[in-house]
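Here is the file final-v2.cif (mmCIF, C-alpha atoms and all ligand atoms).
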```
data_entry
loop_
_atom_site.label_atom_id
_atom_site.label_comp_id
_atom_site.auth_asym_id
_atom_site.auth_seq_id
_atom_site.Cartn_x
_atom_site.Cartn_y
_atom_site.Cartn_z
CA MET S 1 22.79 -19.50 28.61
CA GLU S 2 23.98 -16.25 27.09
CA ASN S 3 21.35 -14.06 25.44
CA SER S 4 21.72 -14.17 21.64
CA GLN S 5 20.41 -10.61 21.32
CA ARG S 6 24.04 -9.46 21.06
CA PHE S 7 24.20 -10.94 17.56
CA VAL S 8 21.40 -8.72 16.24
CA ALA S 9 22.56 -5.73 14.18
CA ASN S 10 22.10 -2.38 15.90
CA HIS S 11 19.85 -0.86 13.25
CA VAL S 12 17.59 -3.93 13.36
CA ALA S 13 17.52 -4.07 17.14
CA GLY S 14 16.42 -0.43 17.10
CA LEU S 15 13.45 -1.05 14.79
CA PRO S 16 10.08 -0.95 16.51
CA ARG S 17 7.80 -3.92 15.88
CA SER S 18 4.83 -3.11 13.69
CA GLY S 19 2.04 -1.61 15.81
CA ILE S 20 -0.43 -3.64 13.80
CA ARG S 21 1.29 -6.90 14.65
CA ASP S 22 1.25 -6.25 18.38
CA PHE S 23 -2.37 -5.31 18.26
CA PHE S 24 -3.40 -8.34 16.26
CA ALA S 25 -1.50 -10.68 18.55
CA ILE S 26 -4.19 -9.71 21.11
CA VAL S 27 -6.99 -10.12 18.56
CA SER S 28 -5.88 -13.61 17.54
CA LYS S 29 -6.35 -14.79 21.13
CA MET S 30 -9.94 -13.50 21.29
CA LYS S 31 -12.86 -15.68 20.30
CA ASP S 32 -15.50 -14.19 17.92
CA ALA S 33 -13.78 -10.83 17.45
CA ILE S 34 -14.59 -9.10 14.15
CA SER S 35 -11.47 -7.75 12.52
CA LEU S 36 -11.56 -4.55 10.52
CA GLY S 37 -7.82 -4.57 10.80
CA ILE S 38 -6.69 -6.61 7.88
CA GLY S 39 -5.06 -4.95 4.91
CA GLU S 40 -6.18 -7.39 2.30
CA PRO S 41 -9.25 -8.15 0.19
CA ASP S 42 -11.85 -10.45 1.74
CA PHE S 43 -12.42 -11.89 -1.75
CA VAL S 44 -10.73 -15.07 -2.88
CA THR S 45 -8.61 -14.61 -6.03
CA PRO S 46 -11.00 -14.83 -9.02
CA TRP S 47 -11.37 -18.39 -10.26
CA HIS S 48 -9.97 -17.83 -13.76
CA ILE S 49 -6.73 -16.53 -12.22
CA ARG S 50 -6.45 -19.47 -9.81
CA GLU S 51 -7.15 -21.78 -12.71
CA ALA S 52 -4.24 -20.29 -14.67
CA ALA S 53 -1.92 -21.13 -11.75
CA ILE S 54 -3.33 -24.66 -11.52
CA PHE S 55 -2.95 -25.15 -15.26
CA ALA S 56 0.66 -23.95 -15.15
CA LEU S 57 1.36 -26.44 -12.38
CA GLU S 58 -0.31 -29.23 -14.36
CA GLN S 59 1.94 -28.39 -17.29
CA GLY S 60 4.94 -28.83 -15.03
CA LYS S 61 5.94 -25.17 -14.89
CA THR S 62 8.00 -25.47 -11.75
CA SER S 63 11.30 -23.84 -12.71
CA TYR S 64 13.05 -20.54 -12.09
CA THR S 65 12.34 -17.83 -14.65
CA ASP S 66 14.48 -15.06 -16.10
CA ASN S 67 15.57 -12.79 -13.23
CA LEU S 68 13.49 -9.98 -14.69
CA GLY S 69 10.42 -12.25 -14.84
CA LEU S 70 8.75 -14.11 -17.73
CA LEU S 71 9.00 -12.05 -20.90
CA SER S 72 5.33 -12.79 -21.62
CA LEU S 73 4.40 -11.26 -18.26
CA ARG S 74 6.62 -8.22 -18.82
CA LYS S 75 4.93 -7.70 -22.18
CA ALA S 76 1.51 -7.93 -20.55
CA ILE S 77 2.63 -5.46 -17.86
CA ALA S 78 3.91 -3.03 -20.52
CA THR S 79 0.54 -3.08 -22.28
CA TYR S 80 -1.41 -2.76 -19.03
CA VAL S 81 0.70 0.11 -17.69
CA GLU S 82 0.51 1.97 -20.98
CA THR S 83 -3.29 1.62 -21.11
CA GLN S 84 -3.99 2.34 -17.44
CA PHE S 85 -1.28 4.84 -16.58
CA ALA S 86 -0.35 6.44 -19.91
CA VAL S 87 3.34 5.71 -19.61
CA SER S 88 5.28 3.21 -21.69
CA TYR S 89 8.09 0.93 -20.58
CA ARG S 90 10.11 -1.55 -22.60
CA PRO S 91 9.56 -5.18 -21.55
CA ASP S 92 13.20 -6.13 -22.16
CA ASN S 93 14.95 -3.71 -19.80
CA GLU S 94 12.52 -1.38 -18.06
CA ILE S 95 10.27 -3.81 -16.16
CA LEU S 96 11.22 -6.08 -13.26
CA VAL S 97 8.81 -8.63 -11.79
CA THR S 98 9.13 -8.86 -8.00
CA VAL S 99 7.80 -10.73 -4.99
CA GLY S 100 5.06 -8.21 -4.29
CA VAL S 101 5.40 -4.45 -4.02
CA SER S 102 7.09 -5.25 -0.69
CA GLU S 103 10.16 -6.61 -2.46
CA ALA S 104 9.99 -3.93 -5.15
CA LEU S 105 10.10 -1.19 -2.50
CA ASP S 106 12.93 -2.85 -0.62
CA ILE S 107 15.15 -3.37 -3.65
CA ALA S 108 14.37 0.11 -5.02
CA LEU S 109 15.65 1.59 -1.76
CA ARG S 110 18.62 -0.79 -1.61
CA ALA S 111 19.53 0.13 -5.17
CA VAL S 112 19.57 3.89 -4.64
CA ILE S 113 20.25 4.77 -1.00
CA ASN S 114 23.74 5.43 0.31
CA PRO S 115 24.11 5.49 4.10
CA GLY S 116 22.71 8.75 5.43
CA ASP S 117 20.69 9.67 2.34
CA LYS S 118 17.36 11.22 3.25
CA VAL S 119 13.97 9.99 2.07
CA LEU S 120 10.82 12.08 2.21
CA TYR S 121 7.43 10.40 2.53
CA HIS S 122 3.95 11.56 3.44
CA GLU S 123 2.30 10.12 6.50
CA PRO S 124 0.13 8.55 7.93
CA CYS S 125 1.57 5.91 5.63
CA TYR S 126 2.02 2.23 5.01
CA VAL S 127 3.80 0.70 8.02
CA SER S 128 6.80 -0.51 5.99
CA TYR S 129 8.11 2.77 4.63
CA HIS S 130 10.03 4.08 7.61
CA PRO S 131 11.54 0.70 8.63
CA SER S 132 12.48 -0.06 5.00
CA ILE S 133 14.39 3.23 4.85
CA THR S 134 16.11 2.46 8.17
CA LEU S 135 17.09 -1.00 6.97
CA VAL S 136 19.09 0.50 4.11
CA HIS S 137 20.75 3.01 6.49
CA GLY S 138 18.76 5.89 5.06
CA GLN S 139 17.07 8.61 7.06
CA GLY S 140 13.29 8.88 6.77
CA ILE S 141 11.57 12.26 6.92
CA GLY S 142 7.81 11.89 7.41
CA VAL S 143 5.69 14.80 6.21
CA GLY S 144 2.32 14.94 7.95
CA THR S 145 -0.95 15.15 6.04
CA ALA S 146 -4.27 16.28 7.45
CA ALA S 147 -7.93 15.27 7.31
CA GLU S 148 -8.83 18.85 6.19
CA ASP S 149 -6.87 18.18 2.99
CA ASN S 150 -8.40 14.71 2.62
CA PHE S 151 -4.92 13.40 3.50
CA SER S 152 -3.51 14.60 0.23
CA ILE S 153 -0.16 16.39 0.25
CA ASN S 154 0.82 19.67 -1.25
CA SER S 155 4.20 20.80 -2.48
CA GLU S 156 4.39 23.60 0.13
CA ARG S 157 4.52 21.04 2.91
CA LEU S 158 7.18 19.11 1.05
CA ILE S 159 9.24 22.24 0.42
CA ARG S 160 9.13 23.05 4.13
CA ALA S 161 10.22 19.51 5.03
CA TRP S 162 13.02 19.32 2.48
CA GLU S 163 16.60 19.44 3.78
CA PRO S 164 19.99 19.06 2.13
CA GLY S 165 20.73 15.36 1.61
CA CYS S 166 17.19 14.46 0.46
CA LYS S 167 17.48 12.06 -2.45
CA VAL S 168 14.17 10.22 -2.70
CA LEU S 169 10.48 11.03 -2.32
CA ILE S 170 8.08 8.12 -1.72
CA LEU S 171 4.50 8.72 -2.82
CA ASN S 172 1.54 6.42 -2.24
CA PHE S 173 -1.76 7.44 -3.83
CA PRO S 174 -4.38 6.17 -3.13
CA THR S 175 -2.92 6.04 0.37
CA ASN S 176 -2.91 3.27 2.91
CA PRO S 177 -4.22 3.97 5.62
CA THR S 178 -6.21 7.11 4.82
CA GLY S 179 -7.71 6.41 1.40
CA GLY S 180 -6.38 9.81 0.32
CA VAL S 181 -5.84 10.53 -3.37
CA ILE S 182 -4.19 13.43 -5.15
CA GLU S 183 -5.47 15.70 -7.90
CA ARG S 184 -3.48 16.08 -11.07
CA ALA S 185 -2.75 19.78 -10.46
CA LYS S 186 -1.23 19.03 -7.04
CA LEU S 187 0.75 16.14 -8.49
CA GLU S 188 2.13 18.47 -11.14
CA ARG S 189 3.42 20.82 -8.47
CA ILE S 190 5.01 17.89 -6.63
CA ALA S 191 6.63 16.82 -9.90
CA GLN S 192 8.06 20.33 -10.25
CA PHE S 193 9.37 20.12 -6.67
CA ALA S 194 11.05 16.79 -7.50
CA VAL S 195 12.69 18.34 -10.56
CA ASP S 196 13.80 21.47 -8.66
CA LYS S 197 15.39 19.40 -5.90
CA ASP S 198 16.61 16.64 -8.22
CA LEU S 199 14.71 13.92 -6.32
CA LEU S 200 14.02 10.37 -7.41
CA VAL S 201 10.35 9.50 -6.87
CA ILE S 202 9.34 6.01 -5.77
CA SER S 203 5.64 5.87 -6.50
CA ASP S 204 3.70 3.02 -4.88
CA GLU S 205 0.43 2.84 -6.82
CA ILE S 206 -0.77 -0.52 -5.55
CA TYR S 207 -4.32 0.75 -4.87
CA SER S 208 -4.74 2.72 -8.10
CA GLU S 209 -7.50 0.52 -9.58
CA LEU S 210 -9.47 1.08 -6.39
CA THR S 211 -10.05 4.77 -7.08
CA TYR S 212 -13.76 5.48 -6.76
CA GLU S 213 -14.30 8.97 -8.12
CA GLY S 214 -12.27 10.67 -10.80
CA MET S 215 -9.20 9.38 -12.59
CA HIS S 216 -5.99 8.16 -11.03
CA THR S 217 -2.91 9.91 -12.45
CA SER S 218 0.54 8.39 -12.14
CA ILE S 219 3.35 10.84 -11.48
CA ALA S 220 5.44 8.77 -13.91
CA SER S 221 3.18 9.96 -16.74
CA LEU S 222 3.83 13.67 -16.12
CA PRO S 223 6.33 15.47 -18.37
CA GLY S 224 9.93 14.90 -17.33
CA MET S 225 9.02 12.43 -14.58
CA ARG S 226 9.52 9.06 -16.23
CA GLU S 227 13.32 9.49 -15.97
CA ARG S 228 13.20 10.17 -12.23
CA THR S 229 10.45 7.78 -11.14
CA ILE S 230 10.39 4.16 -10.06
CA PHE S 231 6.79 3.10 -10.58
CA LEU S 232 5.69 0.25 -8.28
CA HIS S 233 2.59 -1.80 -8.73
CA GLY S 234 1.25 -5.24 -7.95
CA PHE S 235 -1.58 -7.70 -7.93
CA SER S 236 -2.34 -8.04 -4.21
CA LYS S 237 -5.12 -5.53 -3.81
CA ALA S 238 -7.16 -4.98 -6.98
CA PHE S 239 -6.88 -8.60 -8.15
CA ALA S 240 -7.17 -10.05 -4.61
CA MET S 241 -3.89 -11.92 -5.02
CA THR S 242 -2.02 -11.22 -1.75
CA GLY S 243 -0.95 -14.85 -1.29
CA PHE S 244 0.58 -15.03 -4.77
CA ARG S 245 3.21 -12.49 -3.70
CA ILE S 246 3.65 -10.80 -7.03
CA GLY S 247 4.35 -7.23 -8.09
CA TYR S 248 6.57 -5.22 -10.40
CA ALA S 249 8.72 -2.15 -10.84
CA CYS S 250 9.04 -0.02 -13.98
CA SER S 251 11.73 2.58 -14.54
CA THR S 252 14.72 3.50 -16.68
CA PRO S 253 17.14 0.77 -17.84
CA GLU S 254 19.81 2.04 -15.39
CA LEU S 255 17.54 1.92 -12.36
CA ILE S 256 15.96 -1.41 -13.33
CA GLU S 257 19.44 -2.86 -13.88
CA ALA S 258 20.51 -1.68 -10.41
CA MET S 259 17.38 -3.15 -8.82
CA MET S 260 17.78 -6.33 -10.82
CA LYS S 261 21.24 -6.88 -9.33
CA VAL S 262 19.84 -6.75 -5.80
CA HIS S 263 16.88 -8.93 -6.81
CA GLN S 264 19.13 -11.46 -8.57
CA TYR S 265 21.34 -12.01 -5.54
CA SER S 266 18.59 -11.95 -2.93
CA MET S 267 15.47 -13.36 -4.56
CA MET S 268 16.53 -14.77 -7.94
CA CYS S 269 13.04 -14.42 -9.40
CA ALA S 270 9.36 -14.26 -8.49
CA PRO S 271 7.54 -17.64 -8.30
CA ILE S 272 6.67 -18.94 -11.77
CA LEU S 273 3.13 -20.03 -10.85
CA SER S 274 2.35 -16.55 -9.58
CA GLN S 275 3.78 -15.05 -12.76
CA GLU S 276 1.52 -17.28 -14.87
CA ALA S 277 -1.49 -16.28 -12.76
CA ALA S 278 -0.52 -12.60 -13.14
CA ILE S 279 -0.59 -12.88 -16.95
CA GLU S 280 -4.16 -14.13 -16.75
CA ALA S 281 -5.06 -11.35 -14.30
CA LEU S 282 -3.78 -8.65 -16.64
CA LYS S 283 -5.32 -10.13 -19.76
CA ASN S 284 -8.75 -11.12 -18.49
CA GLY S 285 -9.14 -9.71 -14.99
CA ALA S 286 -10.79 -6.34 -15.66
CA GLU S 287 -14.31 -7.58 -15.06
CA SER S 288 -13.43 -9.24 -11.76
CA VAL S 289 -11.67 -6.07 -10.59
CA ALA S 290 -14.71 -3.95 -11.52
CA ARG S 291 -17.04 -6.32 -9.64
CA MET S 292 -14.96 -6.24 -6.44
CA LYS S 293 -14.51 -2.49 -6.71
CA GLU S 294 -18.26 -1.94 -6.88
CA GLN S 295 -18.70 -3.88 -3.66
CA TYR S 296 -15.95 -1.92 -1.93
CA ARG S 297 -17.62 1.28 -3.02
CA GLU S 298 -20.97 0.25 -1.50
CA ARG S 299 -19.29 -0.82 1.72
CA ARG S 300 -17.29 2.41 1.82
CA ASP S 301 -20.47 4.47 1.57
CA PHE S 302 -22.04 2.41 4.32
CA VAL S 303 -19.18 2.59 6.84
CA THR S 304 -18.35 6.26 6.29
CA ARG S 305 -22.03 7.17 6.75
CA ARG S 306 -22.14 5.15 9.97
CA PHE S 307 -18.94 6.74 11.36
CA ASN S 308 -20.17 10.23 10.56
CA GLU S 309 -23.55 9.47 12.17
CA MET S 310 -21.82 8.47 15.40
CA GLY S 311 -19.79 11.70 15.42
CA LEU S 312 -16.52 10.06 14.38
CA THR S 313 -15.85 12.45 11.52
CA CYS S 314 -14.74 10.49 8.53
CA HIS S 315 -13.68 11.94 5.21
CA ILE S 316 -14.78 9.91 2.21
CA PRO S 317 -11.81 7.79 1.15
CA ASN S 318 -11.60 8.15 -2.60
CA GLY S 319 -9.40 5.09 -2.94
CA THR S 320 -8.29 1.87 -1.14
CA PHE S 321 -10.55 -0.15 1.15
CA TYR S 322 -9.79 1.79 4.33
CA ALA S 323 -11.76 4.36 6.29
CA PHE S 324 -9.81 6.64 8.63
CA PRO S 325 -12.25 8.27 11.08
CA SER S 326 -11.34 10.83 13.72
CA ILE S 327 -11.94 10.09 17.39
CA SER S 328 -11.43 13.68 18.50
CA ARG S 329 -14.99 13.66 19.86
CA THR S 330 -13.96 11.12 22.51
CA GLY S 331 -10.78 12.89 23.62
CA PHE S 332 -9.08 9.48 23.66
CA LYS S 333 -5.66 8.54 22.37
CA SER S 334 -5.91 6.22 19.35
CA ILE S 335 -4.42 3.23 21.13
CA ASP S 336 -6.78 3.57 24.11
CA PHE S 337 -9.84 3.93 21.91
CA CYS S 338 -8.90 0.86 19.88
CA LYS S 339 -8.16 -1.20 22.99
CA GLY S 340 -11.50 -0.10 24.44
CA VAL S 341 -13.41 -1.06 21.28
CA LEU S 342 -11.69 -4.42 21.27
CA GLU S 343 -12.40 -5.17 24.92
CA ALA S 344 -15.95 -3.83 25.03
CA GLY S 345 -17.14 -4.56 21.51
CA LYS S 346 -14.84 -7.34 20.29
CA VAL S 347 -14.02 -5.38 17.18
CA ALA S 348 -10.45 -4.92 16.02
CA ILE S 349 -9.51 -1.62 14.42
CA VAL S 350 -6.00 -0.25 14.02
CA PRO S 351 -4.77 2.81 15.96
CA GLY S 352 -3.82 5.63 13.58
CA THR S 353 -0.44 5.91 15.29
CA ALA S 354 0.57 2.55 13.78
CA PHE S 355 0.97 4.59 10.56
CA GLY S 356 3.04 7.44 11.98
CA PRO S 357 2.67 10.23 14.55
CA SER S 358 0.18 12.23 12.47
CA GLY S 359 -2.21 9.27 12.75
CA GLU S 360 -2.88 10.20 16.40
CA GLY S 361 -6.57 10.89 16.92
CA PHE S 362 -7.68 8.45 14.17
CA PHE S 363 -8.14 4.74 13.56
CA ARG S 364 -8.09 2.66 10.43
CA ALA S 365 -11.05 0.42 9.66
CA SER S 366 -10.83 -1.81 6.63
CA PHE S 367 -14.09 -2.22 4.74
CA SER S 368 -12.95 -5.34 2.94
CA ASN S 369 -15.48 -7.25 5.05
CA SER S 370 -19.00 -8.53 4.50
CA TYR S 371 -21.90 -6.13 4.93
CA GLN S 372 -23.13 -8.19 7.91
CA GLN S 373 -19.77 -7.89 9.67
CA LEU S 374 -19.51 -4.20 8.91
CA LEU S 375 -22.99 -3.68 10.37
CA GLN S 376 -22.15 -5.57 13.55
CA ALA S 377 -18.76 -3.90 13.90
CA THR S 378 -20.03 -0.35 13.39
CA ASP S 379 -22.88 -1.03 15.89
CA ALA S 380 -20.29 -2.08 18.47
CA ILE S 381 -18.11 0.98 17.78
CA ALA S 382 -21.18 3.24 18.08
CA ARG S 383 -22.15 1.69 21.43
CA TYR S 384 -18.62 2.11 22.78
CA THR S 385 -18.39 5.70 21.55
CA GLU S 386 -21.71 6.62 23.19
CA LYS S 387 -20.56 5.01 26.44
CA VAL S 388 -17.28 6.89 26.63
CA VAL S 389 -18.64 10.23 25.47
CA GLY S 390 -21.41 9.87 28.06
N1 LIG S 401 2.26 -0.83 -0.49
C1 LIG S 401 1.17 -0.51 0.22
C2 LIG S 401 0.76 0.91 0.29
C3 LIG S 401 0.45 -1.50 0.89
O1 LIG S 401 -0.65 -1.16 1.58
C4 LIG S 401 0.89 -2.84 0.82
C5 LIG S 401 0.18 -3.90 1.56
O2 LIG S 401 -0.62 -3.67 2.44
C6 LIG S 401 2.03 -3.11 0.07
C7 LIG S 401 2.70 -2.09 -0.57
C8 LIG S 401 2.58 -4.51 -0.06
O3 LIG S 401 1.97 -5.15 -1.09
P1 LIG S 401 2.41 -6.55 -1.69
O4 LIG S 401 1.40 -7.55 -1.21
O5 LIG S 401 2.38 -6.37 -3.16
O6 LIG S 401 3.78 -6.85 -1.17
#
```
Would you kindly transcribe this structure into structure tokens?
Ligand code: PLP
Amino acid sequence: MENSQRFVANHVAGLPRSGIRDFFAIVSKMKDAISLGIGEPDFVTPWHIREAAIFALEQGKTSYTDNLGLLSLRKAIATYVETQFAVSYRPDNEILVTVGVSEALDIALRAVINPGDKVLYHEPCYVSYHPSITLVHGQGIGVGTAAEDNFSINSERLIRAWEPGCKVLILNFPTNPTGGVIERAKLERIAQFAVDKDLLVISDEIYSELTYEGMHTSIASLPGMRERTIFLHGFSKAFAMTGFRIGYACSTPELIEAMMKVHQYSMMCAPILSQEAAIEALKNGAESVARMKEQYRERRDFVTRRFNEMGLTCHIPNGTFYAFPSISRTGFKSIDFCKGVLEAGKVAIVPGTAFGPSGEGFFRASFSNSYQQLLQATDAIARYTEKVVG
């Protein structure tokens, strides 16, 4: 039989599979492995939010919604974004409810990228950015960040990386996988860079509620930035709602209209039950978010202390639920260290290189795990490190 590979589009055939997926295919075959690899909360969605979805189902809410999303949800989003991020958007034409930030990112890129347009992003970064750019025939330009800067990015690095043809800058603070955040002063300089080079900023702020010290600032709230920013946010992380698949984009009427066209023809709308649950999350979820955040903070302090004690230098992630320790002490490549930890200690951690070339020499460990599991996992990593360092 002829191989059907010939039907696959060239730009898709050329995409690498996610490094995380390959790694976790091995993990899933192992019995009793502890996974610090997952990128989602270990908490179940708070009961009152689940109950809102159940209640909506009971009431027979099983239809499509407006393509933009339920107006009641868009109103709740407008209030929430104004309170939390100090930027206001109109519910009728500046907010689009999407199937997670994943869809929001995809349709934002599809709405603005012409073939060959260049997109700047800082890395190590979320595994989807580069492939999402490739899928819309754009050209990704990764700009490395460093542990010495707490994985923040400064405008000088961006200026150096800029080339003619750059149209978009993707920002993600707090950052997956490093937990890096950015100070307001640095963000202001990046905003100036975006203005100088006439860039559109796509700002993925999905982890913003999980900022542990200091205040999170959205670039959309800085003077002159609202008009050139697509603000992306969602419910997966802070509200522990990954399975609901719900997020949103806020921007100008022109950009939301362009995104809405792509969304309308590809997705139609986000699931109504998830939209109902999201309304409850925004209206009454603050306490649940604060409770989960406090636990992440305690776990963060625990794991970063443990990594530093074993000589795996780990900056304190000021956001997200990921630690990103250095393995320079071992002299190993990230992939070899992670494979070794998995084989010897039955603990799954993700090689830093899964998040881009500047992740070499690091691994990502998620602390959205129970204290007991984090204790066992860090013990196993410490034993392995001692063995290989000798
Ligand atoms: N953006 C970042 C930085 C992420 O880490 C993730 C998930 O891991 C997403 C977007 C996707 O989120 P969602 O579940 O809303 O699609």
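Interatomic distance, CA of Thr145 (chain S) to CA of Arg329 (chain S): 19.8 Å.
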task: List all protein, DNA and RNA residues that have any atom at most 9 Å from ligand LIG 401 (chain S), counting all atoms listed in the file, and write the list as a VMD selection string.
output: chain S and resid 38 to 40 98 to 105 125 to 129 172 to 177 204 to 207 232 to 237 241 to 248 320
Store the residues picked out above in a file with C-alpha atoms, as a PDB file, in the coordinates of the input.
```pdb
ATOM      1  CA  ILE S  38      -6.690  -6.610   7.880  1.00  0.00           C
ATOM      2  CA  GLY S  39      -5.060  -4.950   4.910  1.00  0.00           C
ATOM      3  CA  GLU S  40      -6.180  -7.390   2.300  1.00  0.00           C
ATOM      4  CA  THR S  98       9.130  -8.860  -8.000  1.00  0.00           C
ATOM      5  CA  VAL S  99       7.800 -10.730  -4.990  1.00  0.00           C
ATOM      6  CA  GLY S 100       5.060  -8.210  -4.290  1.00  0.00           C
ATOM      7  CA  VAL S 101       5.400  -4.450  -4.020  1.00  0.00           C
ATOM      8  CA  SER S 102       7.090  -5.250  -0.690  1.00  0.00           C
ATOM      9  CA  GLU S 103      10.160  -6.610  -2.460  1.00  0.00           C
ATOM     10  CA  ALA S 104       9.990  -3.930  -5.150  1.00  0.00           C
ATOM     11  CA  LEU S 105      10.100  -1.190  -2.500  1.00  0.00           C
ATOM     12  CA  CYS S 125       1.570   5.910   5.630  1.00  0.00           C
ATOM     13  CA  TYR S 126       2.020   2.230   5.010  1.00  0.00           C
ATOM     14  CA  VAL S 127       3.800   0.700   8.020  1.00  0.00           C
ATOM     15  CA  SER S 128       6.800  -0.510   5.990  1.00  0.00           C
ATOM     16  CA  TYR S 129       8.110   2.770   4.630  1.00  0.00           C
ATOM     17  CA  ASN S 172       1.540   6.420  -2.240  1.00  0.00           C
ATOM     18  CA  PHE S 173      -1.760   7.440  -3.830  1.00  0.00           C
ATOM     19  CA  PRO S 174      -4.380   6.170  -3.130  1.00  0.00           C
ATOM     20  CA  THR S 175      -2.920   6.040   0.370  1.00  0.00           C
ATOM     21  CA  ASN S 176      -2.910   3.270   2.910  1.00  0.00           C
ATOM     22  CA  PRO S 177      -4.220   3.970   5.620  1.00  0.00           C
ATOM     23  CA  ASP S 204       3.700   3.020  -4.880  1.00  0.00           C
ATOM     24  CA  GLU S 205       0.430   2.840  -6.820  1.00  0.00           C
ATOM     25  CA  ILE S 206      -0.770  -0.520  -5.550  1.00  0.00           C
ATOM     26  CA  TYR S 207      -4.320   0.750  -4.870  1.00  0.00           C
ATOM     27  CA  LEU S 232       5.690   0.250  -8.280  1.00  0.00           C
ATOM     28  CA  HIS S 233       2.590  -1.800  -8.730  1.00  0.00           C
ATOM     29  CA  GLY S 234       1.250  -5.240  -7.950  1.00  0.00           C
ATOM     30  CA  PHE S 235      -1.580  -7.700  -7.930  1.00  0.00           C
ATOM     31  CA  SER S 236      -2.340  -8.040  -4.210  1.00  0.00           C
ATOM     32  CA  LYS S 237      -5.120  -5.530  -3.810  1.00  0.00           C
ATOM     33  CA  MET S 241      -3.890 -11.920  -5.020  1.00  0.00           C
ATOM     34  CA  THR S 242      -2.020 -11.220  -1.750  1.00  0.00           C
ATOM     35  CA  GLY S 243      -0.950 -14.850  -1.290  1.00  0.00           C
ATOM     36  CA  PHE S 244       0.580 -15.030  -4.770  1.00  0.00           C
ATOM     37  CA  ARG S 245       3.210 -12.490  -3.700  1.00  0.00           C
ATOM     38  CA  ILE S 246       3.650 -10.800  -7.030  1.00  0.00           C
ATOM     39  CA  GLY S 247       4.350  -7.230  -8.090  1.00  0.00           C
ATOM     40  CA  TYR S 248       6.570  -5.220 -10.400  1.00  0.00           C
ATOM     41  CA  THR S 320      -8.290   1.870  -1.140  1.00  0.00           C
TER      42      THR S 320
END
```
query: Counting all atoms listed in the file, which of S:Gly319, S:Pro16, S:Gly180, S:Gly345 gets nearest to His130 (chain S)?
result: S:Pro16
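Our summary of the geometry notes that CA of Gly356 (chain S) is positioned 12.9 Å from CA of Arg17 (chain S).
Counting all atoms listed in the file, the residue from S:Leu109, S:Ile316, S:Ile20, S:Met267 that sits nearest to Leu68 (chain S) is S:Met267.
Note that CA of Ala249 (chain S) and CA of Arg74 (chain S) are 10.2 Å apart.
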How big is the axis-aligned box, and where does its centre sit, when it encloses all atoms of region 249-261 of chain S listed in the file and has 6 Å added on every side, reported in Å to one decimal as AutoDock Vina command-line options?
```
--center_x 15.0 --center_y -1.7 --center_z -13.3 --size_x 24.5 --size_y 22.4 --size_z 21.0
```
